[in-house]
Structures are given as C-alpha cells and as structure tokens.
$ cat final_39.txt   # compact mmCIF, C-alpha atoms
# COMPACT_ATOMS: atom_id res chain seq x y z
CA PHE A 1 -12.84 -18.75 12.80
CA ASN A 2 -14.75 -17.79 15.95
CA HIS A 3 -14.49 -21.37 17.21
CA LYS A 4 -10.73 -21.38 16.57
CA MET A 5 -10.30 -18.07 18.41
CA SER A 6 -12.48 -19.19 21.35
CA THR A 7 -10.54 -22.45 21.63
CA ALA A 8 -7.24 -20.56 21.63
CA LEU A 9 -8.57 -18.16 24.28
CA GLU A 10 -9.55 -21.03 26.55
CA ALA A 11 -6.18 -22.73 26.04
CA SER A 12 -4.37 -19.48 26.87
CA LYS A 13 -5.96 -19.35 30.32
CA THR A 14 -4.03 -22.41 31.48
CA TYR A 15 -0.93 -21.94 29.33
CA GLU A 16 2.41 -22.05 31.10
CA ALA A 17 5.48 -20.91 29.22
CA LYS A 18 8.32 -23.39 29.15
CA ASP A 19 11.98 -22.56 29.06
CA PHE A 20 13.29 -22.76 25.52
CA HIS A 21 15.92 -21.29 23.28
CA TRP A 22 14.09 -18.82 21.04
CA LEU A 23 16.34 -19.20 18.01
CA GLU A 24 15.97 -22.96 17.88
CA ASN A 25 12.35 -23.55 18.87
CA VAL A 26 10.21 -20.61 17.83
CA TRP A 27 11.15 -20.92 14.15
CA LEU A 28 10.58 -24.67 13.86
CA GLY A 29 7.97 -25.39 11.21
CA PHE A 30 8.35 -22.07 9.41
CA LYS A 31 9.08 -22.43 5.73
CA SER A 32 11.38 -20.28 3.68
CA PRO A 33 10.01 -18.36 0.67
CA VAL A 34 11.63 -20.96 -1.61
CA GLN A 35 9.73 -23.73 0.17
CA MET A 36 6.44 -21.81 0.02
CA ALA A 37 6.50 -20.86 -3.66
CA ARG A 38 8.76 -20.28 -6.57
CA ILE A 39 10.63 -17.01 -6.46
CA LYS A 40 9.34 -14.98 -9.34
CA ALA A 41 11.08 -12.37 -11.45
CA THR A 42 9.52 -9.04 -10.53
CA GLY A 43 11.21 -6.64 -12.92
CA VAL A 44 9.22 -4.41 -15.25
CA GLU A 45 10.50 -3.01 -18.52
CA MET A 46 11.20 0.74 -18.57
CA PRO A 47 8.60 1.57 -21.27
CA VAL A 48 5.91 -0.07 -19.13
CA LEU A 49 7.02 1.86 -16.04
CA LYS A 50 6.94 5.12 -17.97
CA GLU A 51 3.50 4.41 -19.41
CA ILE A 52 1.86 3.51 -16.11
CA GLY A 53 3.87 6.20 -14.35
CA MET A 54 2.50 8.91 -16.61
CA ARG A 55 -1.04 7.58 -16.14
CA MET A 56 -0.73 7.61 -12.35
CA CYS A 57 0.32 11.27 -12.48
CA GLU A 58 -2.78 12.41 -14.37
CA ILE A 59 -5.19 14.57 -12.41
CA PRO A 60 -8.49 15.60 -14.04
CA LYS A 61 -8.35 19.18 -15.35
CA LYS A 62 -11.41 20.34 -13.39
CA PHE A 63 -10.17 18.76 -10.14
CA ASN A 64 -9.01 21.48 -7.71
CA VAL A 65 -6.03 19.79 -6.09
CA HIS A 66 -4.02 21.61 -3.42
CA ARG A 67 -1.10 23.49 -5.02
CA LYS A 68 1.52 21.65 -2.96
CA VAL A 69 0.06 18.27 -3.89
CA LYS A 70 -0.04 19.36 -7.55
CA LYS A 71 3.64 20.21 -7.31
CA ILE A 72 4.37 16.73 -5.92
CA TYR A 73 2.54 15.17 -8.87
CA ASP A 74 4.29 17.49 -11.35
CA ASN A 75 7.65 16.44 -9.87
CA ARG A 76 6.66 12.79 -10.15
CA ARG A 77 5.76 13.26 -13.80
CA LYS A 78 9.09 14.97 -14.49
CA ALA A 79 11.04 12.23 -12.67
CA ILE A 80 9.24 9.55 -14.67
CA GLU A 81 9.89 11.38 -17.96
CA THR A 82 13.61 11.82 -17.24
CA GLY A 83 14.22 8.71 -15.16
CA GLU A 84 15.98 10.87 -12.56
CA GLY A 85 14.96 11.94 -9.08
CA ILE A 86 12.49 9.12 -8.39
CA ASP A 87 11.57 9.58 -4.74
CA TRP A 88 10.13 7.06 -2.29
CA GLY A 89 6.49 8.03 -2.92
CA THR A 90 6.90 7.75 -6.69
CA ALA A 91 8.66 4.39 -6.45
CA GLU A 92 5.96 3.09 -4.12
CA ALA A 93 3.17 4.26 -6.46
CA LEU A 94 4.96 2.63 -9.42
CA ALA A 95 5.19 -0.62 -7.46
CA PHE A 96 1.46 -0.50 -6.68
CA ALA A 97 0.66 0.32 -10.31
CA THR A 98 2.68 -2.66 -11.59
CA LEU A 99 0.87 -4.95 -9.14
CA LEU A 100 -2.47 -3.63 -10.39
CA ARG A 101 -1.29 -4.23 -13.96
CA GLU A 102 -0.63 -7.87 -13.03
CA GLY A 103 -4.17 -8.20 -11.62
CA VAL A 104 -3.14 -8.10 -7.97
CA HIS A 105 -5.51 -6.31 -5.61
CA VAL A 106 -3.68 -3.74 -3.46
CA ARG A 107 -5.04 -2.69 -0.07
CA LEU A 108 -3.44 -0.24 2.33
CA SER A 109 -4.78 0.27 5.80
CA GLY A 110 -3.35 2.16 8.70
CA GLN A 111 -2.90 5.50 10.30
CA ASP A 112 -3.01 8.26 7.67
CA VAL A 113 -2.15 5.95 4.76
CA GLU A 114 -4.03 8.07 2.24
CA ARG A 115 -1.48 10.84 2.64
CA GLY A 116 1.44 8.78 3.86
CA THR A 117 4.10 9.47 6.43
CA PHE A 118 5.36 13.02 6.00
CA ALA A 119 3.01 13.37 3.01
CA HIS A 120 5.05 11.17 0.65
CA ARG A 121 2.15 9.12 -0.75
CA HIS A 122 -0.89 11.26 -1.56
CA ALA A 123 -2.74 8.17 -2.84
CA VAL A 124 -6.09 9.91 -2.35
CA LEU A 125 -6.52 13.48 -3.56
CA HIS A 126 -9.21 15.83 -2.29
CA ASP A 127 -10.80 18.59 -4.37
CA GLN A 128 -10.26 21.83 -2.45
CA LYS A 129 -13.67 23.21 -3.46
CA SER A 130 -16.06 20.27 -3.58
CA GLY A 131 -14.36 17.80 -1.21
CA GLU A 132 -14.59 15.13 -3.92
CA ARG A 133 -12.01 12.34 -3.70
CA TYR A 134 -9.86 11.16 -6.59
CA VAL A 135 -7.55 8.13 -6.46
CA PRO A 136 -5.04 8.27 -9.33
CA LEU A 137 -4.13 4.58 -8.99
CA ASP A 138 -7.78 3.73 -9.76
CA HIS A 139 -7.16 5.04 -13.28
CA VAL A 140 -3.81 3.54 -14.29
CA LEU A 141 -5.16 0.90 -16.67
CA ASP A 142 -7.77 1.01 -19.40
CA GLY A 143 -10.84 -0.83 -18.16
CA GLN A 144 -9.45 -1.10 -14.64
CA GLU A 145 -11.96 -2.69 -12.29
CA PRO A 146 -13.03 -0.40 -9.46
CA GLY A 147 -11.90 -1.50 -6.03
CA ASN A 148 -8.64 -3.17 -7.03
CA PHE A 149 -6.76 -0.42 -5.18
CA LYS A 150 -8.09 0.38 -1.72
CA VAL A 151 -6.69 2.91 0.71
CA CYS A 152 -8.33 3.05 4.13
CA ASN A 153 -7.29 5.39 6.90
CA SER A 154 -7.86 3.74 10.25
CA ALA A 155 -8.15 5.16 13.74
CA LEU A 156 -5.05 6.88 15.09
CA SER A 157 -4.66 4.27 17.81
CA GLU A 158 -2.56 1.10 17.84
CA PHE A 159 -5.42 -0.89 19.42
CA GLY A 160 -7.87 0.77 17.06
CA VAL A 161 -5.83 -0.40 14.08
CA LEU A 162 -5.83 -3.97 15.38
CA GLY A 163 -9.59 -3.91 15.83
CA PHE A 164 -10.11 -2.25 12.47
CA GLU A 165 -8.06 -4.92 10.72
CA LEU A 166 -9.77 -7.79 12.56

$ encode --input "final_39.txt" --output "structure tokens"
Amino acid sequence: FNHKMSTALEASKTYEAKDFHWLENVWLGFKSPVQMARIKATGVEMPVLKEIGMRMCEIPKKFNVHRKVKKIYDNRRKAIETGEGIDWGTAEALAFATLLREGVHVRLSGQDVERGTFAHRHAVLHDQKSGERYVPLDHVLDGQEPGNFKVCNSALSEFGVLGFEL
C-alpha cells in the first residue's frame, strides 16, 4: 500500500492534465452494480423488523439515560409497535440491525456520528451519573459478537476525518 501511494505521489509531480470530455472519459472502466454483483433482495419481513426493533429500543433499567434521549427511544418503541411514525433515526437503526442480523459488520465514522446530525441517531447512550456507555445495537441479537457494530466519532475537521479514516 505504501509503495502504491509513493508511486502515485511521484507520478503526480509530473502529471499534466489533458483536455477531455468528462462524461465520456472519466467513467470508462467503471462497472455498474449489475456487472459487479447480483442485485439482492433486501426486504425484511415485518415480524423480524418488529422483533429486532423492540430489542434495539431496550435500555437497561439501572442505566441513567438523559430524559430527552429516553423519550426518543420511547417514541421509537411506540412507532415500531404501531408501525406508524417511523422517523429517519428509527429507520436507520432498523437498517443497521438487519445488517447485523445478516452477519454484516457495520462501522460508522465521522463528525458526531454517535449522536447523529440534529440528534437523530443516538447510537451510543451515556449514563448521566456514571458516564458509562451503552450501545443498543450491540444487543439486538442473542449471542451477538462484540464489535460487529462500531461507532467512532472523529475530529471535527474535514482534514482530520480524512486522516482518521486513512
């Protein structure tokens, strides 16, 4: 990897851009999703969604979650029970939970991803007294392997995020 990056760096020092039509040339060689792999049915039956949805809304009784976050989780639980009022954060968590159920590792990284933009996600909960962390999506499945769902806040800097990811 380092050799490949060093070679590309050296080549970039003498690179001269040529005139070309971006729609025709830049996309040459790219394959469509159909060419890369079979398109797979991604639907999940409603009973499965309800089961994993209820599990992802469980917060340990002795965990002192912030009252506003508790309300968000209570609303999620109600929406899952009734099938009405599913918001973006709930739909996203259900999508992550179904991926975990299929054995797919899920990793989120970025600026404030634990909480989510405008506090829609709340993927990591913090105990208001002890500071302990609790990740509901780590407890969706019986016997779920730790580390299959990772949420990592990165530096609040565009360049910092690039370096963090590299």

$ residues_around --input "final_39.txt" --residues "His122 of chain A" --least-positions-apart "6" --cutoff "12 Å" --atoms "only C-alpha atoms" --output "ChimeraX atom specification"
/A:56-57,65-66,68-73,76,88-90,92-93,112-116,133-137,151

$ residues_around --input "final_39.txt" --residues "Gly53 of chain A" --least-positions-apart "4" --cutoff "12 Å" --atoms "only C-alpha atoms" --output "MDAnalysis selection string"
chainID A and resid 44 46:49 57:58 73:83 86 89:98 101 136:137 139:141

$ atom_distance --input "final_39.txt" --atom1 "atom CA of Val106 of chain A" --atom2 "atom CA of Asp127 of chain A"
23.5 Å

$ atom_distance --input "final_39.txt" --atom1 "atom CA of Leu125 of chain A" --atom2 "atom CA of Asn153 of chain A"
13.2 Å

$ atom_distance --input "final_39.txt" --atom1 "atom CA of His105 of chain A" --atom2 "atom CA of Glu145 of chain A"
10.0 Å

$ closest_residue --input "final_39.txt" --among "A:Val124, A:Cys152, A:Ile59, A:Ala37" --to "Leu108 of chain A" --atoms "all atoms listed in the file"
A:Cys152

$ closest_residue --input "final_39.txt" --among "A:Lys4, A:Gly103, A:Ser154, A:Lys62" --to "Gln128 of chain A" --atoms "all atoms listed in the file"
A:Lys62
